[in-house]
>>> print(open('model30.cif').read())   # mmCIF, C-alpha atoms and all ligand atoms
data_start
#
loop_
_atom_site.label_atom_id
_atom_site.label_comp_id
_atom_site.auth_asym_id
_atom_site.auth_seq_id
_atom_site.Cartn_x
_atom_site.Cartn_y
_atom_site.Cartn_z
CA MET A 36 -12.84 -0.15 -27.30
CA ARG A 37 -10.46 -3.15 -27.21
CA ILE A 38 -7.17 -3.87 -25.44
CA THR A 39 -4.32 -4.22 -27.95
CA GLU A 40 -1.19 -4.52 -25.78
CA VAL A 41 -0.27 -5.13 -22.14
CA GLU A 42 3.21 -4.05 -21.01
CA ALA A 43 4.91 -4.99 -17.74
CA ILE A 44 7.88 -2.64 -17.33
CA VAL A 45 10.56 -3.17 -14.67
CA LEU A 46 12.05 0.09 -13.38
CA ARG A 47 15.13 0.39 -11.18
CA GLN A 48 16.69 3.52 -9.77
CA ALA A 49 19.99 4.53 -11.29
CA GLY A 50 23.00 3.59 -9.18
CA GLY A 51 21.63 0.26 -7.96
CA LEU A 52 19.61 -0.87 -4.94
CA ASP A 53 20.25 -1.42 -1.25
CA GLU A 54 18.53 -4.81 -0.99
CA THR A 55 19.05 -4.97 2.79
CA ILE A 56 16.55 -2.24 3.71
CA ALA A 57 12.74 -2.49 3.52
CA ASP A 58 12.32 0.13 0.80
CA GLY A 59 10.40 -1.05 -2.26
CA SER A 60 10.49 2.41 -3.82
CA GLN A 61 13.98 1.73 -5.20
CA ASP A 62 12.42 -0.27 -8.02
CA ALA A 63 8.93 -0.67 -9.46
CA LEU A 64 6.77 -2.70 -11.79
CA LEU A 65 4.87 -0.37 -14.07
CA VAL A 66 1.86 -1.65 -16.01
CA ARG A 67 0.87 0.04 -19.27
CA ILE A 68 -2.24 -1.08 -21.19
CA HIS A 69 -2.85 0.13 -24.75
CA THR A 70 -6.21 0.25 -26.56
CA ASP A 71 -7.34 0.52 -30.18
CA SER A 72 -8.76 3.97 -29.42
CA GLY A 73 -5.37 5.31 -28.36
CA VAL A 74 -6.27 5.61 -24.64
CA VAL A 75 -3.41 4.30 -22.48
CA GLY A 76 -3.80 3.23 -18.86
CA TYR A 77 -1.13 3.01 -16.15
CA GLY A 78 -0.92 0.86 -13.05
CA GLU A 79 1.77 -0.24 -10.63
CA VAL A 80 2.55 -3.30 -8.54
CA ASP A 81 4.56 -2.98 -5.31
CA SER A 82 5.92 -6.54 -5.29
CA LEU A 83 8.97 -8.32 -6.75
CA PRO A 84 9.01 -6.64 -10.18
CA SER A 85 10.64 -9.42 -12.21
CA VAL A 86 8.21 -12.05 -10.88
CA VAL A 87 5.15 -9.90 -11.60
CA LYS A 88 6.48 -9.26 -15.11
CA ALA A 89 6.74 -13.01 -15.69
CA ILE A 90 3.14 -13.53 -14.51
CA ILE A 91 1.86 -10.88 -16.89
CA ASP A 92 4.03 -11.90 -19.88
CA ALA A 93 3.59 -15.72 -19.62
CA PRO A 94 1.78 -17.46 -22.51
CA ARG A 95 -1.54 -19.27 -22.10
CA SER A 96 -1.28 -22.89 -20.96
CA HIS A 97 -4.86 -24.00 -20.30
CA LYS A 98 -8.23 -22.68 -19.16
CA TYR A 99 -7.08 -22.05 -15.56
CA ALA A 100 -3.40 -21.37 -16.19
CA SER A 101 -2.59 -18.36 -18.30
CA GLY A 102 -0.32 -15.38 -18.27
CA LEU A 103 -2.46 -12.39 -17.34
CA GLY A 104 -1.67 -10.16 -20.30
CA ALA A 105 -2.90 -12.77 -22.77
CA LEU A 106 -6.27 -12.87 -20.99
CA LEU A 107 -6.76 -9.14 -21.59
CA ILE A 108 -5.89 -8.86 -25.29
CA GLY A 109 -9.03 -8.17 -27.31
CA GLN A 110 -11.19 -7.49 -24.23
CA ASP A 111 -13.22 -4.34 -23.50
CA PRO A 112 -11.17 -2.30 -20.98
CA LEU A 113 -14.21 -0.42 -19.71
CA GLU A 114 -15.23 -3.33 -17.47
CA PRO A 115 -12.46 -3.44 -14.82
CA ALA A 116 -14.42 -5.53 -12.30
CA VAL A 117 -15.43 -8.10 -14.92
CA LEU A 118 -11.88 -8.38 -16.25
CA ARG A 119 -10.53 -8.70 -12.71
CA ASP A 120 -12.70 -11.84 -12.33
CA ARG A 121 -11.49 -13.09 -15.71
CA LEU A 122 -7.88 -12.73 -14.56
CA TYR A 123 -8.59 -14.44 -11.23
CA THR A 124 -10.28 -17.41 -12.92
CA GLY A 125 -7.73 -17.68 -15.72
CA SER A 126 -4.87 -17.98 -13.21
CA LEU A 127 -6.53 -20.30 -10.64
CA TYR A 128 -3.99 -23.14 -10.94
CA TYR A 129 -1.08 -20.97 -9.87
CA GLY A 130 -2.83 -17.92 -8.45
CA ARG A 131 -5.55 -16.97 -5.92
CA ARG A 132 -3.07 -15.22 -3.61
CA GLY A 133 0.41 -13.73 -3.53
CA ALA A 134 2.15 -12.39 -6.61
CA VAL A 135 -0.70 -13.25 -9.00
CA ILE A 136 -3.15 -11.12 -7.00
CA HIS A 137 -0.46 -8.41 -6.87
CA ALA A 138 -0.24 -8.50 -10.68
CA ILE A 139 -4.04 -8.47 -11.04
CA SER A 140 -4.13 -5.42 -8.75
CA GLY A 141 -1.80 -3.41 -11.00
CA LEU A 142 -3.68 -4.42 -14.14
CA GLU A 143 -7.03 -3.52 -12.58
CA ILE A 144 -5.68 -0.07 -11.64
CA ALA A 145 -4.58 0.47 -15.26
CA LEU A 146 -8.06 -0.58 -16.46
CA TRP A 147 -9.68 1.97 -14.14
CA ASP A 148 -7.25 4.58 -15.48
CA ILE A 149 -8.47 3.79 -19.01
CA ALA A 150 -12.14 3.82 -17.93
CA GLY A 151 -11.70 7.20 -16.27
CA LYS A 152 -9.83 8.70 -19.21
CA ALA A 153 -12.50 7.39 -21.62
CA ALA A 154 -15.27 8.94 -19.50
CA GLY A 155 -13.34 12.14 -18.81
CA LYS A 156 -13.79 11.55 -15.08
CA PRO A 157 -11.54 10.70 -12.12
CA ILE A 158 -11.68 7.10 -10.91
CA HIS A 159 -13.48 7.99 -7.69
CA ALA A 160 -16.33 9.48 -9.73
CA LEU A 161 -16.81 6.09 -11.40
CA LEU A 162 -16.88 4.44 -7.95
CA GLY A 163 -19.84 6.54 -6.85
CA GLY A 164 -18.28 9.87 -6.04
CA ALA A 165 -16.01 11.45 -3.45
CA HIS A 166 -16.96 11.39 0.22
CA HIS A 167 -13.78 13.43 0.73
CA THR A 168 -11.80 15.74 -1.53
CA ARG A 169 -8.80 15.99 0.84
CA ILE A 170 -7.44 13.32 3.16
CA ARG A 171 -5.31 13.80 6.27
CA ALA A 172 -1.87 12.33 5.59
CA TYR A 173 0.76 10.73 7.76
CA ALA A 174 4.43 10.85 6.86
CA SER A 175 5.72 7.31 6.45
CA THR A 176 9.40 6.50 6.63
CA LEU A 177 11.92 4.08 8.09
CA MET A 178 12.99 3.96 11.76
CA PRO A 179 16.58 5.25 11.98
CA GLU A 180 19.28 3.49 13.99
CA THR A 181 19.39 5.69 17.10
CA PRO A 182 16.96 7.55 19.39
CA ALA A 183 18.62 10.87 18.53
CA GLU A 184 17.94 10.29 14.83
CA ALA A 185 14.36 9.16 15.56
CA ARG A 186 13.78 12.43 17.44
CA ALA A 187 15.18 14.41 14.49
CA VAL A 188 13.05 12.56 11.90
CA THR A 189 9.73 13.10 13.66
CA ALA A 190 10.60 16.72 14.40
CA ALA A 191 11.44 17.29 10.72
CA GLN A 192 8.18 15.72 9.48
CA ARG A 193 6.21 17.75 12.02
CA GLU A 194 8.04 20.83 10.77
CA GLY A 195 7.12 19.81 7.21
CA GLY A 196 3.42 20.06 8.06
CA PHE A 197 2.39 16.50 8.92
CA SER A 198 0.11 15.98 11.93
CA ALA A 199 0.96 12.27 12.04
CA VAL A 200 4.21 10.36 11.47
CA LYS A 201 5.05 6.67 11.14
CA LEU A 202 8.48 5.12 11.70
CA GLY A 203 9.01 1.50 10.78
CA TYR A 204 11.44 -1.41 10.43
CA GLY A 205 15.15 -0.52 10.91
CA PRO A 206 16.42 -1.53 14.37
CA LEU A 207 12.98 -2.27 15.87
CA GLY A 208 12.87 -5.71 17.47
CA ARG A 209 16.60 -6.04 18.19
CA ASP A 210 16.28 -5.12 21.84
CA GLY A 211 13.35 -4.24 24.12
CA ASP A 212 15.01 -1.26 25.79
CA LEU A 213 16.08 0.17 22.43
CA ASP A 214 12.53 -0.27 21.05
CA VAL A 215 11.11 1.76 23.93
CA ALA A 216 13.87 4.38 23.75
CA LEU A 217 13.26 4.87 20.01
CA VAL A 218 9.54 5.41 20.58
CA ALA A 219 10.16 7.79 23.50
CA ALA A 220 12.58 9.85 21.39
CA ALA A 221 10.22 9.83 18.40
CA ARG A 222 7.45 11.17 20.65
CA ASP A 223 9.80 13.83 21.98
CA GLY A 224 10.58 15.01 18.44
CA ALA A 225 6.96 14.85 17.30
CA GLY A 226 5.61 16.90 20.19
CA GLU A 227 2.39 16.21 22.06
CA ASP A 228 -0.16 17.08 19.37
CA CYS A 229 1.15 14.76 16.62
CA ASP A 230 -0.02 11.18 16.12
CA LEU A 231 2.91 8.77 16.30
CA ILE A 232 2.62 5.42 14.54
CA ILE A 233 5.07 2.57 15.09
CA ASP A 234 5.59 -0.15 12.45
CA VAL A 235 7.46 -3.00 14.10
CA GLY A 236 8.12 -4.54 10.69
CA LEU A 237 7.46 -8.21 11.67
CA ALA A 238 10.28 -8.13 14.21
CA TRP A 239 8.84 -9.31 17.53
CA ARG A 240 9.22 -12.98 18.37
CA SER A 241 6.67 -13.79 21.10
CA ALA A 242 3.33 -12.47 22.26
CA ARG A 243 4.63 -12.12 25.82
CA GLU A 244 7.57 -9.97 24.67
CA ALA A 245 5.24 -7.89 22.51
CA ILE A 246 2.72 -7.29 25.30
CA ASN A 247 5.52 -6.13 27.58
CA ARG A 248 6.97 -3.76 24.98
CA VAL A 249 3.63 -2.22 23.98
CA ARG A 250 2.79 -1.59 27.64
CA ARG A 251 6.14 0.15 28.07
CA MET A 252 5.47 2.23 24.92
CA GLU A 253 1.96 3.26 25.94
CA PRO A 254 3.10 6.34 27.94
CA TYR A 255 4.31 7.71 24.55
CA ARG A 256 0.85 7.10 23.04
CA PRO A 257 1.45 5.11 19.85
CA TYR A 258 -1.53 5.71 17.55
CA TRP A 259 -1.26 2.12 16.44
CA ILE A 260 1.30 -0.70 16.50
CA GLU A 261 1.79 -2.19 13.04
CA GLU A 262 2.83 -5.70 11.99
CA PRO A 263 4.46 -6.79 15.25
CA PHE A 264 4.70 -10.42 14.01
CA MET A 265 5.04 -12.42 10.82
CA PRO A 266 1.75 -12.31 8.87
CA ASP A 267 0.77 -15.94 9.50
CA GLU A 268 1.28 -15.76 13.27
CA LEU A 269 -2.37 -15.00 13.88
CA GLY A 270 -2.40 -16.54 17.38
CA LYS A 271 0.21 -13.99 18.48
CA TYR A 272 -1.82 -11.17 16.94
CA ALA A 273 -4.89 -12.35 18.87
CA ALA A 274 -3.01 -12.58 22.18
CA LEU A 275 -1.49 -9.09 21.81
CA ALA A 276 -4.76 -7.49 20.68
CA ARG A 277 -6.53 -8.95 23.74
CA ALA A 278 -3.87 -7.73 26.17
CA VAL A 279 -3.24 -4.08 25.22
CA ASP A 280 -5.34 -0.94 24.60
CA THR A 281 -3.23 0.31 21.66
CA PRO A 282 -4.82 -0.66 18.32
CA ILE A 283 -2.99 -3.33 16.32
CA ALA A 284 -2.67 -2.82 12.54
CA ALA A 285 -1.75 -5.29 9.79
CA GLY A 286 -2.53 -6.34 6.27
CA GLU A 287 0.01 -5.00 3.79
CA GLN A 288 1.07 -8.60 3.02
CA GLU A 289 -2.50 -9.88 2.51
CA ALA A 290 -4.41 -10.42 -0.71
CA THR A 291 -8.18 -10.67 -1.17
CA THR A 292 -11.02 -9.99 1.25
CA LEU A 293 -10.75 -13.55 2.58
CA ASP A 294 -7.31 -12.85 4.06
CA PHE A 295 -8.60 -9.72 5.76
CA GLN A 296 -11.45 -11.64 7.36
CA GLN A 297 -8.76 -13.73 9.09
CA LEU A 298 -7.11 -10.57 10.44
CA LEU A 299 -10.45 -9.39 11.82
CA ASP A 300 -10.93 -12.79 13.47
CA ALA A 301 -7.47 -12.36 15.09
CA GLY A 302 -8.50 -9.05 16.67
CA VAL A 303 -6.60 -6.73 14.31
CA GLU A 304 -8.28 -3.33 14.56
CA ILE A 305 -6.83 -1.53 11.55
CA LEU A 306 -6.80 -3.30 8.16
CA GLN A 307 -4.06 -2.12 5.79
CA PRO A 308 -4.65 -3.40 2.26
CA ASP A 309 -2.22 -2.12 -0.37
CA VAL A 310 -4.18 -1.25 -3.51
CA THR A 311 -1.37 -2.64 -5.69
CA ARG A 312 -1.26 -5.97 -3.84
CA ALA A 313 -4.56 -6.79 -2.14
CA GLY A 314 -6.59 -7.16 -5.35
CA GLY A 315 -7.00 -3.66 -6.72
CA ILE A 316 -9.37 -0.74 -6.36
CA VAL A 317 -12.67 -2.66 -6.11
CA GLU A 318 -11.23 -5.25 -3.72
CA CYS A 319 -9.85 -2.53 -1.42
CA GLY A 320 -13.30 -0.94 -1.34
CA ARG A 321 -14.73 -4.31 -0.26
CA ILE A 322 -12.07 -4.69 2.45
CA ALA A 323 -12.79 -1.18 3.71
CA GLU A 324 -16.49 -1.99 3.88
CA LEU A 325 -15.75 -5.26 5.69
CA ALA A 326 -13.80 -3.26 8.29
CA ARG A 327 -16.57 -0.69 8.62
CA VAL A 328 -19.40 -3.16 9.16
CA SER A 329 -17.19 -5.05 11.63
CA GLY A 330 -16.62 -1.94 13.72
CA ARG A 331 -12.94 -1.83 12.75
CA ARG A 332 -10.90 0.62 10.68
CA CYS A 333 -9.19 0.57 7.30
CA VAL A 334 -6.07 2.64 6.52
CA LEU A 335 -4.60 1.60 3.20
CA HIS A 336 -0.91 0.76 2.96
CA ALA A 337 0.87 2.84 0.31
CA TRP A 338 4.58 2.99 -0.39
CA SER A 339 6.45 4.03 -3.50
CA THR A 340 5.41 6.06 -6.50
CA GLY A 341 2.78 8.63 -7.40
CA ILE A 342 0.74 5.95 -9.19
CA ILE A 343 0.19 4.17 -5.87
CA LYS A 344 -0.47 7.48 -4.18
CA ALA A 345 -3.13 8.41 -6.75
CA ALA A 346 -4.83 4.98 -6.78
CA THR A 347 -4.91 4.97 -2.96
CA LEU A 348 -6.41 8.47 -2.83
CA HIS A 349 -9.21 7.43 -5.19
CA VAL A 350 -10.08 4.45 -2.96
CA LEU A 351 -9.99 6.67 0.14
CA ALA A 352 -12.19 9.29 -1.54
CA ALA A 353 -14.82 6.61 -2.19
CA MET A 354 -14.71 5.34 1.43
CA PRO A 355 -17.29 6.86 3.78
CA GLU A 356 -14.80 6.67 6.67
CA ALA A 357 -11.35 7.55 5.34
CA GLU A 358 -9.12 8.26 8.30
CA LEU A 359 -5.57 8.66 7.02
CA PHE A 360 -3.47 8.49 3.86
CA GLU A 361 -0.04 6.86 4.11
CA TYR A 362 2.33 9.36 2.50
CA CYS A 363 5.69 7.74 1.73
CA VAL A 364 8.35 10.43 2.11
CA GLN A 365 11.30 8.36 0.85
CA THR A 366 13.45 10.47 -1.45
CA THR A 367 14.07 7.80 -4.10
CA GLU A 368 13.85 8.89 -7.73
CA LEU A 369 10.87 6.61 -8.51
CA ASN A 370 8.92 7.73 -5.46
CA GLN A 371 9.40 11.40 -6.20
CA ARG A 372 9.57 11.68 -9.98
CA LEU A 373 7.76 8.87 -11.86
CA VAL A 374 4.67 11.07 -12.02
CA THR A 375 4.86 14.82 -12.46
CA GLU A 376 2.36 15.62 -9.67
CA ALA A 377 3.97 16.45 -6.33
CA PHE A 378 0.94 15.73 -4.04
CA PRO A 379 1.54 18.82 -1.90
CA LEU A 380 0.52 18.88 1.73
CA LEU A 381 -1.93 21.61 2.75
CA ASP A 382 -2.94 21.87 6.41
CA GLY A 383 -1.71 18.30 6.86
CA LYS A 384 -3.96 17.00 4.08
CA VAL A 385 -3.48 15.83 0.50
CA ALA A 386 -5.98 16.54 -2.28
CA VAL A 387 -7.60 13.66 -4.15
CA PRO A 388 -6.66 13.93 -7.87
CA THR A 389 -9.49 15.30 -10.02
CA GLY A 390 -8.16 14.72 -13.54
CA PRO A 391 -9.43 11.86 -15.75
CA GLY A 392 -8.54 8.32 -14.63
CA LEU A 393 -5.80 8.26 -12.02
CA GLY A 394 -5.36 11.96 -12.64
CA VAL A 395 -1.58 11.81 -12.89
CA GLU A 396 0.89 12.43 -15.70
CA ILE A 397 3.71 9.89 -16.15
CA ASP A 398 7.21 11.28 -16.76
CA GLU A 399 8.41 9.32 -19.80
CA ASP A 400 11.99 10.49 -19.19
CA VAL A 401 12.00 8.68 -15.84
CA ILE A 402 10.76 5.49 -17.56
CA LYS A 403 13.56 5.79 -20.13
CA ALA A 404 16.18 6.44 -17.46
CA CYS A 405 15.11 3.62 -15.10
CA ARG A 406 13.85 0.92 -17.50
CA VAL A 407 15.68 -2.39 -17.06
MG MG B 1 4.07 -1.48 7.25
#
>>> encode(input="model30.cif", output="structure tokens")
Amino acid sequence: MRITEVEAIVLRQAGGLDETIADGSQDALLVRIHTDSGVVGYGEVDSLPSVVKAIIDAPRSHKYASGLGALLIGQDPLEPAVLRDRLYTGSLYYGRRGAVIHAISGLEIALWDIAGKAAGKPIHALLGGAHHTRIRAYASTLMPETPAEARAVTAAQREGGFSAVKLGYGPLGRDGDLDVALVAAARDGAGEDCDLIIDVGLAWRSAREAINRVRRMEPYRPYWIEEPFMPDELGKYAALARAVDTPIAAGEQEATTLDFQQLLDAGVEILQPDVTRAGGIVECGRIAELARVSGRRCVLHAWSTGIIKAATLHVLAAMPEAELFEYCVQTTELNQRLVTEAFPLLDGKVAVPTGPGLGVEIDEDVIKACRV
């Protein structure tokens, strides 16, 4: 089998975007790889779609500077890990991190989709099998503006069957008293037997301020505190992790296992690679194993469409210690309708797809309606 065409497709929801909120499910970069046998693989990249498209569509320049699509044409798609290395090497001059690794991640997912479809097996079966067939999910959404709304959101997600809820970004970081009031109200809405996760969304400025706020939040039992600081402020992460009992989580901005080693060194307890950004399915398995052997935890970041949901569930299925699945409950068209599967919640858990490849069906009408 040979790869014949690599498409990078920019999708945008009808009616335009609100660029001021942290919601990447309003647009998407879809990857579609065609083969001479007719098998088609899908992947997605949760990054800046137009930039990732340029990285995939660019022509070859020299041995270490090539557009990624050109490196795949004519290759055997049934070797995703080998081709991932080919893409990494062929983009060294301008790659190694950031958007190039994001693009490689989406392409690698599409290659695994092809490999699974060709074998008639789900991706997790090709990774060694499923340690879990269903994963406990947490509802993931944005922190609303007021405590009253925060109480209503967690109550609604609890009512919807989730046993864990995360609220992130929004007003967090504007004011210490408001931060604590939002968390208190969110706990009130969630009830006592629901895990409550707080994603600060990079908004705290100093370690001292952060330590104070986490200590004030601890009566409301945050399950973890996520991304309190900008990703490169590792000294602040280390100071906060040393000072408080609540676990600190980070990693959705990182790419490759090397970046995650730095987070471990800074005392981050929960590593959060995004399968469409950190390097792909194999790389996320390596990061999860790094966390495990270091006595830490790995809970993958996942936001946006059903392709990300499916790819994440396959990685989690293959992890011996899969704790939680991040279930984005944003109601955007791309998040809810790009794939036909609904990923229903049953007893607070989501089933790992069992169909060939990713195990999801793409809705071509949504591609037509949202294609830029
Ligand atoms: Mg986050």
>>> closest_residue(input="model30.cif", among="A:Arg131, A:Lys201, A:Arg209, A:Arg222", to="A:Ala172", atoms="all atoms listed in the file")
A:Lys201
>>> residues_near_point(input="model30.cif", point="(4.2, -5.1, -11.3)", cutoff="6 Å", atoms="all atoms listed in the file", output="number ranges by chain")
A: 64-65, 79-80, 84, 87, 138
>>> closest_residue(input="model30.cif", among="A:Asp398, A:Asp309, A:Glu262, A:Glu304", to="A:Gly330", atoms="all atoms listed in the file")
A:Glu304
>>> residues_around(input="model30.cif", residues="A:Ala191", least_positions_apart="5", cutoff="12 Å", atoms="all atoms listed in the file", output="number ranges by chain")
A: 174, 176, 184-186, 196-200, 221, 223-226, 364
>>> residues_near_ligand(input="model30.cif", ligand="ligand MG 1 (chain B)", cutoff="12 Å", atoms="all atoms listed in the file", output="number ranges by chain")
A: 57-59, 175-178, 201-205, 232-238, 259-266, 283-289, 305-309, 334-338, 361-363
>>> closest_residue(input="model30.cif", among="A:Ala352, A:Val75, A:Gly125, A:Gly164", to="A:Pro94", atoms="all atoms listed in the file")
A:Gly125
>>> residues_around(input="model30.cif", residues="stretch 313-329 of chain A", least_positions_apart="6", cutoff="6 Å", atoms="only C-alpha atoms", output="number ranges by chain")
A: 136, 140, 143, 289-292
>>> residues_around(input="model30.cif", residues="A:Ile149", least_positions_apart="5", cutoff="12 Å", atoms="only C-alpha atoms", output="PyMOL selection string")
chain A and resi 36-38+67-78+111-115+142-144+154-158+161+391-394
>>> residues_near_point(input="model30.cif", point="(2.5, -1.7, 25.7)", cutoff="12 Å", atoms="only C-alpha atoms", output="MDAnalysis selection string")
chainID A and resid 211 214:215 218 233 242:260 263 275:283
>>> residues_around(input="model30.cif", residues="A:Asp300", least_positions_apart="5", cutoff="10 Å", atoms="all atoms listed in the file", output="ChimeraX atom specification")
/A:269,272-273,295
